[in-house]
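Novice: Below is the file data-v1.txt, which contains compact mmCIF, C-alpha atoms.
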# COMPACT_ATOMS: atom_id res chain seq x y z
CA MET B 1 -17.76 -7.90 19.56
CA ILE B 2 -18.69 -5.38 22.26
CA LEU B 3 -15.72 -3.79 24.06
CA LYS B 4 -15.59 -1.71 27.25
CA ALA B 5 -11.86 -1.14 26.80
CA LEU B 6 -9.46 -1.37 23.88
CA ASP B 7 -7.30 -4.18 25.22
CA ILE B 8 -9.04 -7.46 24.45
CA ASP B 9 -8.62 -10.76 26.24
CA SER B 10 -7.35 -13.11 23.52
CA LYS B 11 -9.59 -16.00 24.62
CA ASP B 12 -12.67 -13.76 24.43
CA PHE B 13 -11.58 -12.67 20.97
CA GLU B 14 -11.07 -16.26 19.83
CA ASN B 15 -14.40 -17.46 21.18
CA ARG B 16 -16.35 -14.58 19.78
CA THR B 17 -14.85 -14.19 16.31
CA GLY B 18 -13.53 -17.64 15.37
CA TRP B 19 -10.01 -16.24 14.81
CA THR B 20 -7.30 -18.16 16.69
CA ILE B 21 -4.04 -16.51 17.83
CA LYS B 22 -1.07 -18.63 16.71
CA PRO B 23 2.67 -17.95 16.40
CA GLU B 24 2.14 -17.12 12.69
CA GLY B 25 -0.66 -14.66 13.42
CA ALA B 26 -4.46 -14.71 13.58
CA CYS B 27 -5.86 -17.77 11.81
CA LYS B 28 -9.33 -18.83 10.68
CA GLY B 29 -9.59 -22.07 8.70
CA GLU B 30 -6.70 -22.04 6.24
CA VAL B 31 -6.24 -18.24 6.33
CA CYS B 32 -3.55 -16.69 8.56
CA VAL B 33 -2.82 -12.97 8.94
CA PRO B 34 0.40 -11.75 10.62
CA LEU B 35 -0.18 -9.60 13.71
CA ALA B 36 2.06 -6.99 15.33
CA ALA B 37 5.33 -8.32 16.76
CA GLY B 38 5.02 -9.61 20.31
CA THR B 39 1.35 -10.64 19.98
CA ALA B 40 0.76 -14.00 21.68
CA SER B 41 -2.14 -16.19 22.68
CA GLY B 42 -3.10 -15.58 26.29
CA ALA B 43 -1.96 -11.95 26.11
CA LYS B 44 -4.10 -8.86 25.76
CA LEU B 45 -4.73 -7.78 22.17
CA ASP B 46 -4.88 -4.20 21.01
CA ALA B 47 -8.20 -3.46 19.31
CA HIS B 48 -6.68 -0.89 16.93
CA MET B 49 -4.04 -3.39 15.81
CA LEU B 50 -6.67 -6.10 15.17
CA SER B 51 -8.85 -3.59 13.37
CA GLU B 52 -6.02 -2.59 11.06
CA ARG B 53 -4.58 -6.06 10.38
CA LEU B 54 -7.87 -7.95 9.94
CA GLY B 55 -9.91 -5.16 8.37
CA MET B 56 -12.32 -5.18 11.31
CA PRO B 57 -14.18 -1.88 11.74
CA LEU B 58 -13.85 -0.42 15.23
CA ILE B 59 -16.77 1.85 16.04
CA HIS B 60 -17.38 3.88 19.14
CA ASP B 61 -20.44 5.21 20.91
CA ALA B 62 -19.01 8.13 22.87
CA GLU B 63 -22.18 8.71 24.87
CA ALA B 64 -22.43 5.09 26.05
CA LYS B 65 -18.62 4.76 26.30
CA VAL B 66 -18.61 1.45 24.46
CA TRP B 67 -16.91 0.13 21.32
CA CYS B 68 -17.79 -2.58 18.85
CA LEU B 69 -15.23 -4.50 16.81
CA GLY B 70 -16.96 -5.75 13.67
CA PRO B 71 -16.19 -8.80 11.54
CA GLU B 72 -13.24 -8.98 9.15
CA ALA B 73 -13.84 -7.26 5.81
CA MET B 74 -11.98 -9.64 3.53
CA GLY B 75 -14.27 -9.56 0.54
CA ARG B 76 -16.78 -12.32 1.27
CA ALA B 77 -19.05 -13.04 4.25
CA LEU B 78 -17.23 -16.35 4.73
CA THR B 79 -13.43 -16.19 4.98
CA THR B 80 -13.31 -19.99 5.11
CA ALA B 81 -15.80 -22.83 4.50
CA HIS B 82 -15.04 -24.24 7.98
CA ALA B 83 -18.22 -23.57 9.93
CA PRO B 84 -17.60 -21.09 12.75
CA GLU B 85 -18.49 -22.15 16.27
CA LEU B 86 -21.85 -20.71 17.24
CA VAL B 87 -23.01 -20.68 20.84
CA LEU B 88 -26.56 -19.50 21.44
CA PRO B 89 -29.22 -20.11 24.08
CA ASP B 90 -32.05 -22.47 23.19
CA TYR B 91 -35.61 -21.44 23.98
CA GLN B 92 -35.29 -22.84 27.50
CA GLY B 93 -32.19 -20.73 28.13
CA LYS B 94 -29.63 -23.55 27.83
CA GLN B 95 -26.43 -22.76 25.90
CA PHE B 96 -26.20 -24.80 22.71
CA HIS B 97 -22.93 -25.36 20.80
CA LEU B 98 -23.32 -25.86 17.06
CA SER B 99 -20.15 -28.00 17.14
CA SER B 100 -21.99 -30.56 19.31
CA LEU B 101 -23.66 -31.75 16.07
CA ARG B 102 -20.37 -32.77 14.37
CA GLY B 103 -20.89 -36.17 12.76
CA GLN B 104 -24.36 -35.27 11.49
CA LYS B 105 -25.47 -33.20 8.54
CA VAL B 106 -26.92 -29.91 9.73
CA LEU B 107 -29.31 -27.42 8.21
CA ILE B 108 -29.40 -24.16 10.12
CA VAL B 109 -32.31 -21.97 9.21
CA THR B 110 -33.34 -18.51 10.38
CA TRP B 111 -36.79 -17.21 11.22
CA SER B 112 -38.22 -14.48 13.42
CA SER B 113 -41.32 -13.40 15.27
CA TRP B 114 -41.46 -10.05 13.48
CA MET P 1 -42.54 -25.07 10.17
CA TRP P 2 -39.56 -27.50 9.89
CA GLN P 3 -40.75 -30.25 12.22
CA ALA P 4 -42.20 -32.58 9.52
CA LEU P 5 -39.12 -32.39 7.32
CA ARG P 6 -36.88 -32.88 10.36
CA ASP P 7 -38.82 -36.00 11.40
CA GLU P 8 -38.51 -37.36 7.86
CA LEU P 9 -34.77 -36.73 7.45
CA HIS P 10 -33.41 -37.08 10.99
CA PRO P 11 -33.24 -40.91 10.79
CA GLN P 12 -31.01 -40.44 7.73
CA GLY P 13 -28.56 -38.24 9.62
CA LEU P 14 -29.84 -34.66 9.24
CA GLU P 15 -30.42 -32.30 12.13
CA ILE P 16 -32.28 -29.04 11.63
CA VAL P 17 -31.40 -26.11 13.89
CA THR P 18 -33.80 -23.20 13.83
CA ILE P 19 -32.49 -19.80 14.87
CA ALA P 20 -34.84 -16.97 15.79
CA LEU P 21 -33.44 -13.51 15.04
CA ASP P 22 -35.18 -11.55 17.74
CA VAL P 23 -33.95 -8.67 19.86
CA ASP P 24 -37.11 -9.41 21.87
CA SER P 25 -36.20 -12.99 22.75
CA GLU P 26 -39.36 -13.45 24.82
CA ALA P 27 -41.49 -13.04 21.69
CA ALA P 28 -39.52 -15.79 19.95
CA ARG P 29 -39.66 -18.04 22.99
CA GLN P 30 -43.44 -17.89 23.10
CA TRP P 31 -43.72 -18.93 19.45
CA ILE P 32 -41.35 -21.84 19.98
CA GLU P 33 -43.16 -23.06 23.11
CA GLN P 34 -46.38 -23.35 21.12
CA THR P 35 -44.84 -25.70 18.56
CA LYS P 36 -42.78 -27.79 20.98
CA PRO P 37 -40.06 -28.69 18.46
CA ASN P 38 -37.79 -31.67 19.15
CA HIS P 39 -34.82 -30.15 17.27
CA PRO P 40 -32.52 -27.43 18.63
CA SER P 41 -34.43 -24.12 18.59
CA LEU P 42 -32.09 -21.25 19.33
CA ILE P 43 -32.54 -17.53 19.92
CA ASP P 44 -30.05 -15.09 18.41
CA SER P 45 -30.97 -11.71 19.83
CA ALA P 46 -27.87 -9.99 18.36
CA HIS P 47 -28.36 -11.42 14.82
CA ARG P 48 -24.90 -12.96 15.19
CA VAL P 49 -25.51 -15.36 12.28
CA ASP P 50 -25.57 -12.35 9.95
CA GLU P 51 -21.99 -11.64 10.92
CA LEU P 52 -20.80 -15.27 11.15
CA PHE P 53 -22.58 -16.79 8.15
CA GLY P 54 -23.76 -13.86 6.04
CA VAL P 55 -27.48 -14.20 6.78
CA ILE P 56 -29.50 -11.31 5.30
CA ASN P 57 -33.13 -12.40 5.60
CA VAL P 58 -35.52 -14.96 7.05
CA PRO P 59 -35.81 -17.72 6.22
CA ASN P 60 -32.18 -18.23 5.17
CA GLY P 61 -30.54 -21.66 5.33
CA VAL P 62 -26.94 -22.95 5.50
CA TRP P 63 -25.81 -26.58 5.07
CA ILE P 64 -22.96 -27.98 7.19
CA ASP P 65 -21.61 -31.50 6.61
CA GLU P 66 -20.49 -34.14 9.11
CA GLU P 67 -16.97 -32.71 9.29
CA GLY P 68 -18.16 -29.19 10.03
CA MET P 69 -17.62 -27.83 6.51
CA ILE P 70 -20.19 -25.47 5.06
CA VAL P 71 -21.35 -27.00 1.77
CA ARG P 72 -24.03 -24.45 0.88
CA PRO P 73 -23.85 -20.85 2.11
CA VAL P 74 -26.81 -18.58 2.87
CA GLU P 75 -29.80 -18.78 0.51
CA GLN P 76 -33.59 -18.73 0.77
CA ALA P 77 -34.75 -21.87 2.61
CA TRP P 78 -38.41 -22.89 2.55
CA PRO P 79 -40.00 -26.17 3.58
CA GLU P 80 -42.99 -27.40 1.60
CA ARG P 81 -46.25 -26.63 3.34
CA ASP P 82 -49.68 -28.18 2.87
CA SER P 83 -51.33 -24.79 2.91
CA ALA P 84 -49.38 -21.62 2.18
CA PRO P 85 -51.13 -18.39 3.20
CA ASP P 86 -53.10 -16.78 0.37
CA TRP P 87 -51.74 -13.24 0.71
CA GLN P 88 -53.74 -11.86 -2.21
CA LYS P 89 -57.00 -13.17 -0.77
CA MET P 90 -56.11 -11.64 2.59
CA ALA P 91 -55.28 -8.34 0.89
CA ASP P 92 -58.71 -8.35 -0.78
CA SER P 93 -60.55 -9.00 2.47
CA PRO P 94 -62.59 -6.05 3.82
CA ASP P 95 -61.52 -6.94 7.38
CA ILE P 96 -57.87 -6.13 6.75
CA PRO P 97 -56.52 -2.92 8.33
CA GLU P 98 -55.72 -0.41 5.57
CA GLN P 99 -52.04 -0.12 6.51
CA LEU P 100 -51.60 -3.86 5.98
CA ARG P 101 -53.24 -4.10 2.56
CA GLU P 102 -50.21 -3.03 0.56
CA THR P 103 -47.91 -5.27 2.59
CA LEU P 104 -50.09 -8.28 1.80
CA GLN P 105 -50.29 -7.40 -1.89
CA LEU P 106 -46.50 -7.25 -2.08
CA ALA P 107 -46.19 -10.48 -0.08
CA SER P 108 -48.33 -12.21 -2.71
CA GLN P 109 -45.77 -11.27 -5.39
CA ILE P 110 -42.74 -12.66 -3.53
CA VAL P 111 -41.21 -15.68 -5.27
CA ILE P 112 -40.18 -18.63 -3.09
CA GLN P 113 -38.88 -22.07 -4.14
CA PRO P 114 -39.81 -24.65 -1.47
CA LYS P 115 -40.10 -27.54 -3.95
CA GLU P 116 -36.65 -27.02 -5.44
CA TYR P 117 -35.09 -26.39 -2.04
CA THR P 118 -36.45 -29.49 -0.31
CA ALA P 119 -35.60 -31.66 -3.35
CA ALA P 120 -31.99 -30.45 -3.16
CA LEU P 121 -31.89 -31.03 0.61
CA ARG P 122 -33.19 -34.61 0.26
CA ASP P 123 -30.64 -35.27 -2.47
CA TRP P 124 -27.80 -34.13 -0.20
CA VAL P 125 -29.06 -36.14 2.77
CA THR P 126 -29.15 -39.26 0.58
CA LYS P 127 -25.95 -38.81 -1.42
CA GLY P 128 -23.73 -36.70 0.87
CA LYS P 129 -20.59 -35.50 -0.91
CA GLY P 130 -21.89 -37.17 -4.09
CA SER P 131 -24.76 -34.67 -4.27
CA SER P 132 -24.24 -31.98 -6.89
CA TYR P 133 -25.84 -29.52 -4.45
CA ALA P 134 -22.96 -29.91 -1.97
CA LEU P 135 -20.49 -27.26 -3.15
CA PRO P 136 -16.69 -27.22 -2.90
CA ALA P 137 -15.13 -24.84 -0.36
CA GLN P 138 -14.03 -22.17 -2.86
CA GLU P 139 -17.52 -22.02 -4.35
CA VAL P 140 -19.08 -21.79 -0.87
CA ILE P 141 -16.88 -18.79 -0.05
CA ARG P 142 -17.53 -17.18 -3.44
CA ARG P 143 -21.31 -17.45 -3.07
CA SER P 144 -21.39 -16.32 0.57
CA GLY P 145 -22.17 -12.69 -0.22
CA PRO P 146 -20.06 -9.55 -0.21
CA ARG P 147 -18.26 -8.43 2.96
CA GLY P 148 -16.46 -5.19 2.36
CA GLN P 149 -15.96 -2.34 4.83
CA ALA P 150 -19.62 -1.30 4.44
CA GLN P 151 -21.08 -4.69 5.34
CA ALA P 152 -18.57 -5.19 8.19
CA GLN P 153 -19.43 -1.75 9.61
CA ALA P 154 -23.14 -2.54 9.29
CA ALA P 155 -22.66 -5.66 11.43
CA ALA P 156 -20.77 -3.65 14.07
CA HIS P 157 -23.45 -0.93 14.17
CA PHE P 158 -26.26 -3.47 14.43
CA GLU P 159 -24.51 -5.27 17.30
CA LEU P 160 -23.80 -2.02 19.12
CA GLY P 161 -27.44 -0.94 18.74
CA GLN P 162 -28.66 -4.28 20.07
CA TYR P 163 -26.26 -4.05 23.03
CA LEU P 164 -27.53 -0.58 23.92
CA TRP P 165 -31.16 -1.71 23.50
CA GLU P 166 -30.61 -4.61 25.89
CA ASN P 167 -28.72 -2.55 28.42
CA GLY P 168 -31.17 0.17 29.28
CA LYS P 169 -30.10 2.67 26.60
CA ARG P 170 -32.85 2.10 24.08
CA ASP P 171 -32.84 5.71 22.92
CA LEU P 172 -29.25 5.29 21.68
CA ALA P 173 -29.96 2.18 19.57
CA PRO P 174 -31.81 3.62 16.52
CA ARG P 175 -28.94 5.78 15.29
CA HIS P 176 -26.72 2.68 15.07
CA TRP P 177 -29.47 0.71 13.37
CA ARG P 178 -29.99 3.54 10.85
CA GLU P 179 -26.29 3.32 10.05
CA ALA P 180 -26.56 -0.47 9.60
CA HIS P 181 -29.47 0.06 7.18
CA ARG P 182 -27.57 2.68 5.20
CA LEU P 183 -24.38 0.62 5.00
CA GLN P 184 -25.99 -2.69 4.04
CA PRO P 185 -29.35 -1.95 2.42
CA ASP P 186 -29.90 -5.56 1.27
CA ASN P 187 -29.78 -6.90 4.84
CA TRP P 188 -33.46 -7.35 5.71
CA THR P 189 -32.93 -8.71 9.22
CA TYR P 190 -31.29 -5.44 10.34
CA LYS P 191 -34.09 -3.41 8.76
CA ARG P 192 -37.13 -5.46 9.68
CA GLN P 193 -35.91 -5.94 13.25
CA ALA P 194 -35.58 -2.20 13.81
CA TRP P 195 -38.78 -1.29 11.97
CA SER P 196 -40.77 -3.89 13.94
CA LEU P 197 -39.65 -2.36 17.25
CA ALA P 198 -40.90 1.06 16.08
CA ASP P 199 -44.12 -0.15 14.45
CA PRO P 200 -45.62 -3.67 14.64
CA PHE P 201 -46.64 -3.48 10.96
CA GLN P 202 -43.10 -2.37 9.95
CA GLY P 203 -44.63 0.75 8.47
CA GLN P 204 -43.04 4.19 8.22
CA SER P 205 -42.04 5.60 11.60
CA GLU P 206 -40.25 8.76 12.66
CA LEU P 207 -37.18 6.78 13.67
CA TYR P 208 -36.23 5.26 10.33
CA ASP P 209 -35.84 6.54 6.80
CA SER P 210 -37.82 3.80 5.17
CA CYS P 211 -40.18 0.87 5.75
CA TRP P 212 -40.89 -2.60 4.37
CA VAL P 213 -43.40 -1.56 1.70
CA LYS P 214 -41.19 1.24 0.37
CA ASP P 215 -38.02 -0.85 0.25
CA VAL P 216 -39.68 -3.92 -1.27
CA LYS P 217 -41.23 -1.74 -3.98
CA LYS P 218 -37.81 -0.26 -4.70
CA ILE P 219 -36.26 -3.64 -5.56
CA GLY P 220 -39.44 -5.38 -6.78
CA ALA P 221 -41.18 -8.03 -4.68
CA GLU P 222 -40.02 -10.76 -7.08
CA ASN P 223 -36.40 -9.94 -6.14
CA TYR P 224 -36.98 -10.03 -2.38
CA TYR P 225 -35.47 -13.53 -2.16
CA PRO P 226 -32.66 -13.96 -4.69
CA PRO P 227 -33.45 -17.11 -6.73
CA LEU P 228 -31.74 -20.34 -5.69
CA ASN P 229 -28.62 -21.12 -7.69
CA LEU P 230 -28.84 -24.92 -7.90
CA SER P 231 -26.13 -25.26 -10.52
CA PRO P 232 -22.95 -26.92 -9.20
CA THR P 233 -20.64 -24.53 -11.06
CA SER P 234 -19.74 -20.89 -10.76
CA ALA P 235 -21.55 -20.01 -13.97
CA LYS P 236 -24.58 -17.98 -13.12
What does the file become when written as structure tokens?

Specialist:
Amino acid sequence: MILKALDIDSKDFENRTGWTIKPEGACKGEVCVPLAAGTASGAKLDAHMLSERLGMPLIHDAEAKVWCLGPEAMGRALTTAHAPELVLPDYQGKQFHLSSLRGQKVLIVTWSSW
Amino acid sequence: MWQALRDELHPQGLEIVTIALDVDSEAARQWIEQTKPNHPSLIDSAHRVDELFGVINVPNGVWIDEEGMIVRPVEQAWPERDSAPDWQKMADSPDIPEQLRETLQLASQIVIQPKEYTAALRDWVTKGKGSSYALPAQEVIRRSGPRGQAQAQAAAHFELGQYLWENGKRDLAPRHWREAHRLQPDNWTYKRQAWSLADPFQGQSELYDSCWVKDVKKIGAENYYPPLNLSPTSAK
């Protein structure tokens, strides 16, 4: 996720990465990772702490003064088989939530114009 | 491309969601408008599905069941088509621009498995959890592709490059995309996206170290799409 500062709103973090802040730590599916003492949902999260605990690379573009916190490096592309929420615009610009299809089978398939 | 299969399987409870990986979302939008699909047709200008699902090429498919569990992770996903393009014939045509000839020759050697894929999909739609193609959670995670520091850093660099590209700092994007290419060389969406913005034929440009023809030759066109693993077990 793109960061302009190194303290991250926990709701933004949850929505963007699929990790939820709980009393036991950051959780995704059945996986929970303890965070630094005092971390709570609703609070600001320190990007360096998240980077270290979750194995998320934190890269910086000094010229543009912007950071990017990458996905967790936990061995496999999927940390859990629970499908992550995905919110993307459709071709008419309307936001579509993948979770709105719960109750149906779904095939998602990529393509491109290039 | 997916409309016919969607119309066939939607009454049985399958929805197909197409996702265009396009930094230039207007280009994708124009393609979609022409086909007027009646299924969700989304545009992912930051290639977020690479990060979230492990997508590395197009077309790649993922199956998600009624409860929101992934039952097949990323793999090549082709519908059957009445008439597939004859790349070799196009490559032999005298009207083809020289710089495209080699691309078309390589394209003709790429191995895809639409018949096997659509048969597996129909089986799952009919049988649900009883289908041997619907994999248990541990197997889904195991097959979802490697995500070490290199792949995670590649995702971060690609996203940062895309952000800069979209926010009026296009000259700063290529160095992040070059890093993404170096860190995760088997991710074709990061490579082809960047190459296509430098050269419409995805040929060699000054900005990037390689190009489609060079990189496909390096791995062999027949390995461009890893073969489907339709066995239910881990044995491979």

Novice: Which one is closest to Ala173 in chain P: P:Arg29, P:Arg48, P:Ala91, P:Val23? Count all atoms listed in the file.

Specialist: P:Val23

Novice: Near Val106 in chain B, within 12 Å and counting all atoms listed in the file, which residues show up once chain neighbours fewer than 5 positions away are dropped, as a PDB file with C-alpha atoms, in the coordinates of the input?

Specialist:
ATOM      1  CA  ALA B  83     -18.220 -23.570   9.930  1.00  0.00           C
ATOM      2  CA  LEU B  98     -23.320 -25.860  17.060  1.00  0.00           C
ATOM      3  CA  SER B  99     -20.150 -28.000  17.140  1.00  0.00           C
ATOM      4  CA  SER B 100     -21.990 -30.560  19.310  1.00  0.00           C
ATOM      5  CA  LEU B 101     -23.660 -31.750  16.070  1.00  0.00           C
TER       6      LEU B 101
ATOM      7  CA  ARG P   6     -36.880 -32.880  10.360  1.00  0.00           C
ATOM      8  CA  LEU P   9     -34.770 -36.730   7.450  1.00  0.00           C
ATOM      9  CA  HIS P  10     -33.410 -37.080  10.990  1.00  0.00           C
ATOM     10  CA  GLN P  12     -31.010 -40.440   7.730  1.00  0.00           C
ATOM     11  CA  GLY P  13     -28.560 -38.240   9.620  1.00  0.00           C
ATOM     12  CA  LEU P  14     -29.840 -34.660   9.240  1.00  0.00           C
ATOM     13  CA  GLU P  15     -30.420 -32.300  12.130  1.00  0.00           C
ATOM     14  CA  ILE P  16     -32.280 -29.040  11.630  1.00  0.00           C
ATOM     15  CA  VAL P  17     -31.400 -26.110  13.890  1.00  0.00           C
ATOM     16  CA  THR P  18     -33.800 -23.200  13.830  1.00  0.00           C
ATOM     17  CA  HIS P  39     -34.820 -30.150  17.270  1.00  0.00           C
ATOM     18  CA  PRO P  40     -32.520 -27.430  18.630  1.00  0.00           C
ATOM     19  CA  GLY P  61     -30.540 -21.660   5.330  1.00  0.00           C
ATOM     20  CA  VAL P  62     -26.940 -22.950   5.500  1.00  0.00           C
ATOM     21  CA  TRP P  63     -25.810 -26.580   5.070  1.00  0.00           C
ATOM     22  CA  ILE P  64     -22.960 -27.980   7.190  1.00  0.00           C
ATOM     23  CA  ASP P  65     -21.610 -31.500   6.610  1.00  0.00           C
ATOM     24  CA  GLU P  66     -20.490 -34.140   9.110  1.00  0.00           C
ATOM     25  CA  GLU P  67     -16.970 -32.710   9.290  1.00  0.00           C
ATOM     26  CA  GLY P  68     -18.160 -29.190  10.030  1.00  0.00           C
ATOM     27  CA  MET P  69     -17.620 -27.830   6.510  1.00  0.00           C
ATOM     28  CA  ILE P  70     -20.190 -25.470   5.060  1.00  0.00           C
ATOM     29  CA  VAL P  71     -21.350 -27.000   1.770  1.00  0.00           C
ATOM     30  CA  ARG P  72     -24.030 -24.450   0.880  1.00  0.00           C
ATOM     31  CA  LEU P 121     -31.890 -31.030   0.610  1.00  0.00           C
ATOM     32  CA  TRP P 124     -27.800 -34.130  -0.200  1.00  0.00           C
ATOM     33  CA  VAL P 125     -29.060 -36.140   2.770  1.00  0.00           C
ATOM     34  CA  GLY P 128     -23.730 -36.700   0.870  1.00  0.00           C
TER      35      GLY P 128
END

Novice: Could you work out how far CA of Ile8 in chain B lies from CA of Trp67 in chain B, giving the answer in Å with one decimal?

Specialist: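 Interatomic distance here is 11.4 Å.
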
Novice: Tell me as a count of residues only which residues belonging to chain B come within 8 Å of chain P, counting all atoms listed in the file.

Specialist: 48

Novice: Write out as a list in words each polymer residue whose atoms come within 10 Å of Pro79 in chain P, counting only C-alpha atoms; drop sequence neighbours fewer than 3 positions from it.

Specialist: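 Once the nearby chain positions are removed, what remains is Met1, Trp2, Gln3, Ala4, Leu5, Pro59, Asp82, Gln113, Pro114, Lys115, Glu116, Tyr117, Thr118, Ala119 and Leu121 of chain P.
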
Novice: Grab the CA of Glu30 in chain B to CA of Asp186 in chain P distance for me, in Å with one decimal place.

Specialist: 28.9 Å

Novice: Identify which of the residues P:Gln204, P:Pro232, P:Gln88, P:Asn167 lies closest to Val66 in chain B, counting all atoms listed in the file when measuring atom-to-atom distances.

Specialist: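 Under the stated criterion, the closest residue is P:Asn167.
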
Novice: If I take CA of Ala221 in chain P and CA of Tyr133 in chain P, how far is one from the other in Å, to one decimal?

Specialist: 26.4 Å

Novice: Which residue out of P:Glu8, P:Asn229, P:Pro97, P:Lys214 has the minimum interatomic distance to Ser132 in chain P when only C-alpha atoms are used?

Specialist: P:Asn229

Novice: Got a sec to check which residues sit within 12 Å of (-0.9, -12.5, 21.6), counting all atoms listed in the file, and write them as a ChimeraX atom specification?

Specialist: /B:7-11,13-14,19-26,34-47,49-50

Novice: Within 9 Å of Met90 in chain P, counting all atoms listed in the file, which residues qualify if same-chain residues fewer than 5 places away don't, as a PyMOL selection string?

Specialist: chain P and resi 85+95-96+101+104-105

Novice: To test the calculation: enclose all listed atoms of range 211-221 of chain P in a box whose edges run along x, y and z, add 3 Å on each side, then state centre and edge lengths in Å to one decimal, as lines of an AutoDock Vina configuration file.

Specialist:
center_x = -39.8
center_y = -3.4
center_z = -0.5
size_x = 13.1
size_y = 15.3
size_z = 18.5

Novice: Nearest to Pro37 in chain P among P:Trp165, P:Ser205, P:Asp7, P:Pro94, with distances taken over only C-alpha atoms: which residue is it?

Specialist: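 Counting only C-alpha atoms, the residue closest to Pro37 in chain P is P:Asp7.
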
Novice: Would you mind putting back N, CA and C atoms on range 221-236 of chain P, then writing it out as a PDB file, keeping the file's coordinate frame?

Specialist:
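Dumped to out_7.pdb:
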ATOM      1  N   ALA P 221     -40.899  -6.916  -5.598  1.00  0.00           N
ATOM      2  CA  ALA P 221     -41.180  -8.030  -4.680  1.00  0.00           C
ATOM      3  C   ALA P 221     -40.591  -9.339  -5.185  1.00  0.00           C
ATOM      4  N   GLU P 222     -40.515  -9.490  -6.519  1.00  0.00           N
ATOM      5  CA  GLU P 222     -40.020 -10.760  -7.080  1.00  0.00           C
ATOM      6  C   GLU P 222     -38.515 -10.934  -6.816  1.00  0.00           C
ATOM      7  N   ASN P 223     -37.837  -9.850  -6.442  1.00  0.00           N
ATOM      8  CA  ASN P 223     -36.400  -9.940  -6.140  1.00  0.00           C
ATOM      9  C   ASN P 223     -36.095  -9.995  -4.640  1.00  0.00           C
ATOM     10  N   TYR P 224     -37.154 -10.078  -3.840  1.00  0.00           N
ATOM     11  CA  TYR P 224     -36.980 -10.030  -2.380  1.00  0.00           C
ATOM     12  C   TYR P 224     -36.101 -11.187  -1.894  1.00  0.00           C
ATOM     13  N   TYR P 225     -36.373 -12.393  -2.415  1.00  0.00           N
ATOM     14  CA  TYR P 225     -35.470 -13.530  -2.160  1.00  0.00           C
ATOM     15  C   TYR P 225     -34.724 -13.821  -3.446  1.00  0.00           C
ATOM     16  N   PRO P 226     -33.399 -13.617  -3.477  1.00  0.00           N
ATOM     17  CA  PRO P 226     -32.660 -13.960  -4.690  1.00  0.00           C
ATOM     18  C   PRO P 226     -32.952 -15.424  -5.049  1.00  0.00           C
ATOM     19  N   PRO P 227     -33.116 -15.738  -6.351  1.00  0.00           N
ATOM     20  CA  PRO P 227     -33.450 -17.110  -6.730  1.00  0.00           C
ATOM     21  C   PRO P 227     -32.339 -18.075  -6.329  1.00  0.00           C
ATOM     22  N   LEU P 228     -32.722 -19.307  -6.011  1.00  0.00           N
ATOM     23  CA  LEU P 228     -31.740 -20.340  -5.690  1.00  0.00           C
ATOM     24  C   LEU P 228     -30.836 -20.553  -6.887  1.00  0.00           C
ATOM     25  N   ASN P 229     -29.554 -20.729  -6.632  1.00  0.00           N
ATOM     26  CA  ASN P 229     -28.620 -21.120  -7.690  1.00  0.00           C
ATOM     27  C   ASN P 229     -28.288 -22.587  -7.466  1.00  0.00           C
ATOM     28  N   LEU P 230     -29.003 -23.480  -8.150  1.00  0.00           N
ATOM     29  CA  LEU P 230     -28.840 -24.920  -7.900  1.00  0.00           C
ATOM     30  C   LEU P 230     -27.831 -25.553  -8.843  1.00  0.00           C
ATOM     31  N   SER P 231     -27.181 -24.733  -9.651  1.00  0.00           N
ATOM     32  CA  SER P 231     -26.130 -25.260 -10.520  1.00  0.00           C
ATOM     33  C   SER P 231     -24.877 -25.513  -9.684  1.00  0.00           C
ATOM     34  N   PRO P 232     -24.129 -26.594 -10.001  1.00  0.00           N
ATOM     35  CA  PRO P 232     -22.950 -26.920  -9.200  1.00  0.00           C
ATOM     36  C   PRO P 232     -21.750 -26.025  -9.516  1.00  0.00           C
ATOM     37  N   THR P 233     -21.810 -25.289 -10.615  1.00  0.00           N
ATOM     38  CA  THR P 233     -20.640 -24.530 -11.060  1.00  0.00           C
ATOM     39  C   THR P 233     -20.779 -23.054 -10.733  1.00  0.00           C
ATOM     40  N   SER P 234     -19.721 -22.323 -11.023  1.00  0.00           N
ATOM     41  CA  SER P 234     -19.740 -20.890 -10.760  1.00  0.00           C
ATOM     42  C   SER P 234     -20.598 -20.134 -11.751  1.00  0.00           C
ATOM     43  N   ALA P 235     -20.787 -20.713 -12.932  1.00  0.00           N
ATOM     44  CA  ALA P 235     -21.550 -20.010 -13.970  1.00  0.00           C
ATOM     45  C   ALA P 235     -22.911 -19.637 -13.438  1.00  0.00           C
ATOM     46  N   LYS P 236     -23.299 -18.420 -13.649  1.00  0.00           N
ATOM     47  CA  LYS P 236     -24.580 -17.980 -13.120  1.00  0.00           C
ATOM     48  C   LYS P 236     -25.289 -17.105 -14.118  1.00  0.00           C
TER      49      LYS P 236
END
